[in-house]
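Below you'll find the structure, written out as structure tokens, and then a few comments.
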Amino acid sequence: MKNKTKKSKKSRNKKNGARLSIWVWVFIAVTVLVFLYCIASNIINHLEGVSNTLQIVFGLSDFANTAIGALLGFGASLLLDKYLIAVNKEKVIDNIVAEMTRMCLYISEMFDPYIRLQDNNGNEIIKFSDTLQGALDSLTNKANSDQYKPEFKILKNRVINHRYKIFLPIWDSVLQNGDLLRFKDREYFECLINIYTRLNKFRAQIDAFDASFENKELFEYLVELYSDVQSLYKYIKLQKAHLIFLCGYLKGERVSQLKTDFMSRFELDVR
């Protein structure tokens, strides 16, 4: 059934593309005919002994010159405008991928077993924490332990801080204006939808977090959130080929580091 659905979608797109091409060719054909008429009219107007019939047929040179000007001016600019709009809509995928990868990184940072410290000179250093890893293992096994209370407090503070990091303005925008539909037949479309569904859930979970949570309530919340983070990680690994392809949209100096960090964090090597 899925294959039939994909084939029907592709056939509809081909029909729409064919219709567009037909109208473009009609425009070109009309423009060429009017242009040839203009040339013929100018030639006949300068000839002597031309029959009345030809003079009548080609006596609309002024009208034809006006028409060719309108076709080349307004028509061409309209087609160019539509082309530029289509190109800009196509480029929205660049912004979607940048937002998606950045949000995935932010979410994974909440349960990173590394902590940031400062040395005696005030320089930041990143250090692996055995106790923080132990707390994460405790969340995985759903085994609450008082010995990890300080680590759970660290994770709580991270969740609170990430309230101001997890937002999806680009995704919300393309959903509203319908630009997302341009990519519905791409192989990676389902993967994109699935990841953003998870990102929306994270946004809701973090927004709903109560800063007063302590002990059992805090532990249960962290267990659920960490389970979803692990699920996201597994899904990204499962969809490795699609994610590597999508990362190809991250071009330029501004997002090169983002691409490197994302592929490194989720182990999306190209081997």
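If you're wondering about the labels, chains in the structure tokens are A, B, ... by order shown, residues count from 1 in each chain, ligands from 1 in order shown.
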Practice problem: Identify, with DSSP run on backbone atoms, the residues in stretch 77-199 of chain A assigned to helix (DSSP H, G or I), and express the list as a VMD selection string. | Solution: chain A and resid 77 to 90 92 to 110 130 to 141 146 to 164 169 to 177 179 to 183 189 to 199
Exercise. May I have the residues within 10 Å of A:Gly134 as a PyMOL selection string, using only C-alpha atoms and disregarding those fewer than 4 positions away in the same chain?
Key: chain A and resi 113+129-130+138-140+145+147-148+151
Expected file contents, prior selection, N, CA and C atoms, as an mmCIF file, in the first residue's frame:
```cif
data_model
loop_
_atom_site.group_PDB
_atom_site.id
_atom_site.type_symbol
_atom_site.label_atom_id
_atom_site.label_comp_id
_atom_site.auth_asym_id
_atom_site.auth_seq_id
_atom_site.Cartn_x
_atom_site.Cartn_y
_atom_site.Cartn_z
ATOM 1 N N PRO A 113 27.143 13.378 30.337
ATOM 2 C CA PRO A 113 27.877 13.012 31.557
ATOM 3 C C PRO A 113 29.105 13.883 31.806
ATOM 4 N N SER A 129 32.307 13.109 34.342
ATOM 5 C CA SER A 129 31.936 12.899 35.746
ATOM 6 C C SER A 129 31.435 11.476 35.946
ATOM 7 N N ASP A 130 32.164 10.704 36.734
ATOM 8 C CA ASP A 130 31.728 9.330 37.030
ATOM 9 C C ASP A 130 30.403 9.321 37.794
ATOM 10 N N SER A 138 21.343 5.256 36.830
ATOM 11 C CA SER A 138 20.248 5.095 37.781
ATOM 12 C C SER A 138 18.907 5.427 37.115
ATOM 13 N N LEU A 139 18.915 6.460 36.268
ATOM 14 C CA LEU A 139 17.699 6.824 35.533
ATOM 15 C C LEU A 139 17.330 5.736 34.527
ATOM 16 N N THR A 140 18.333 5.170 33.878
ATOM 17 C CA THR A 140 18.089 4.105 32.898
ATOM 18 C C THR A 140 17.464 2.891 33.565
ATOM 19 N N SER A 145 18.346 6.583 43.911
ATOM 20 C CA SER A 145 19.359 6.423 44.961
ATOM 21 C C SER A 145 19.695 7.789 45.548
ATOM 22 N N GLN A 147 22.317 8.695 46.937
ATOM 23 C CA GLN A 147 23.707 9.088 46.727
ATOM 24 C C GLN A 147 23.870 9.999 45.502
ATOM 25 N N TYR A 148 22.845 9.990 44.603
ATOM 26 C CA TYR A 148 22.944 10.817 43.397
ATOM 27 C C TYR A 148 22.102 12.092 43.474
ATOM 28 N N GLU A 151 23.692 15.068 41.838
ATOM 29 C CA GLU A 151 23.702 14.948 40.378
ATOM 30 C C GLU A 151 22.300 15.199 39.799
#
```
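Among the candidate residues A:Val97, A:Leu117, A:Leu218, A:Ala211, the one lying nearest to A:Phe245 is A:Val97, with distances computed using only C-alpha atoms.
For the set A:Leu268, A:Leu132, A:Ile206, A:Ala143, the residue with the smallest atom-to-atom gap to A:Asp228 is A:Ile206, counting only C-alpha atoms.
Close contacts of A:Tyr235, defined as residues with an atom at most 9 Å away when counting only C-alpha atoms, with chain neighbours fewer than 3 positions off set aside, comprise Cys191, Asn194, Ile195, Gln230, Ser231, Leu232, Leu238, Gln239 and Lys240 of chain A.
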Selected residues written out with N, CA and C atoms, as a tab-separated table (two decimals), in the first residue's frame:
```
chain	number	residue	atom	x	y	z
A	191	CYS	N	11.32	10.87	8.14
A	191	CYS	CA	12.34	11.01	9.21
A	191	CYS	C	12.26	12.40	9.82
A	194	ASN	N	9.18	12.72	12.00
A	194	ASN	CA	9.33	11.94	13.23
A	194	ASN	C	10.21	12.65	14.24
A	195	ILE	N	11.31	13.21	13.79
A	195	ILE	CA	12.22	13.91	14.71
A	195	ILE	C	11.55	15.15	15.27
A	230	GLN	N	17.04	9.10	25.08
A	230	GLN	CA	17.66	7.87	24.57
A	230	GLN	C	16.93	7.35	23.33
A	231	SER	N	15.60	7.49	23.33
A	231	SER	CA	14.80	7.08	22.19
A	231	SER	C	15.14	7.93	20.96
A	232	LEU	N	15.32	9.23	21.18
A	232	LEU	CA	15.72	10.12	20.09
A	232	LEU	C	17.07	9.72	19.53
A	238	LEU	N	19.23	5.02	13.86
A	238	LEU	CA	18.50	4.14	12.94
A	238	LEU	C	18.32	4.80	11.58
A	239	GLN	N	18.13	6.12	11.59
A	239	GLN	CA	17.92	6.88	10.36
A	239	GLN	C	19.22	7.56	9.90
A	240	LYS	N	20.31	6.90	10.15
A	240	LYS	CA	21.63	7.47	9.88
A	240	LYS	C	21.79	7.99	8.46
```
Quiz prompt | Which residue of A:Glu124, A:Asp146, A:Asp94, A:Asp119 approaches A:Lys216 most closely, using only C-alpha atoms | solution =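 For A:Lys216, the nearest of the candidates is A:Asp146.
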Self-check item: Selection: 8 Å around A:Leu225, only C-alpha atoms, excl. self and same-chain fewer than 4 positions, as a PyMOL selection string
Solution: chain A and resi 202+205+221+229
Residues of the last selection are to be written out with N, CA, C and O atoms, as a PDB file, in the first residue's frame.
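The resulting file, result-v4.pdb, is shown below:
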```
ATOM      1  N   PHE A 202       9.482  17.206  23.515  1.00  0.00           N
ATOM      2  CA  PHE A 202      10.483  17.716  24.462  1.00  0.00           C
ATOM      3  C   PHE A 202      10.136  19.141  24.884  1.00  0.00           C
ATOM      4  O   PHE A 202      10.252  19.498  26.055  1.00  0.00           O
ATOM      5  N   GLN A 205       7.373  18.939  27.348  1.00  0.00           N
ATOM      6  CA  GLN A 205       7.831  18.369  28.614  1.00  0.00           C
ATOM      7  C   GLN A 205       8.613  19.387  29.441  1.00  0.00           C
ATOM      8  O   GLN A 205       8.414  19.522  30.655  1.00  0.00           O
ATOM      9  N   TYR A 221      10.249  12.389  36.823  1.00  0.00           N
ATOM     10  CA  TYR A 221      10.285  13.280  35.656  1.00  0.00           C
ATOM     11  C   TYR A 221      11.553  13.054  34.840  1.00  0.00           C
ATOM     12  O   TYR A 221      11.511  12.942  33.614  1.00  0.00           O
ATOM     13  N   VAL A 229      15.029  10.983  25.553  1.00  0.00           N
ATOM     14  CA  VAL A 229      16.304  11.398  24.951  1.00  0.00           C
ATOM     15  C   VAL A 229      17.020  10.191  24.356  1.00  0.00           C
ATOM     16  O   VAL A 229      17.556  10.252  23.241  1.00  0.00           O
TER      17      VAL A 229
END
```
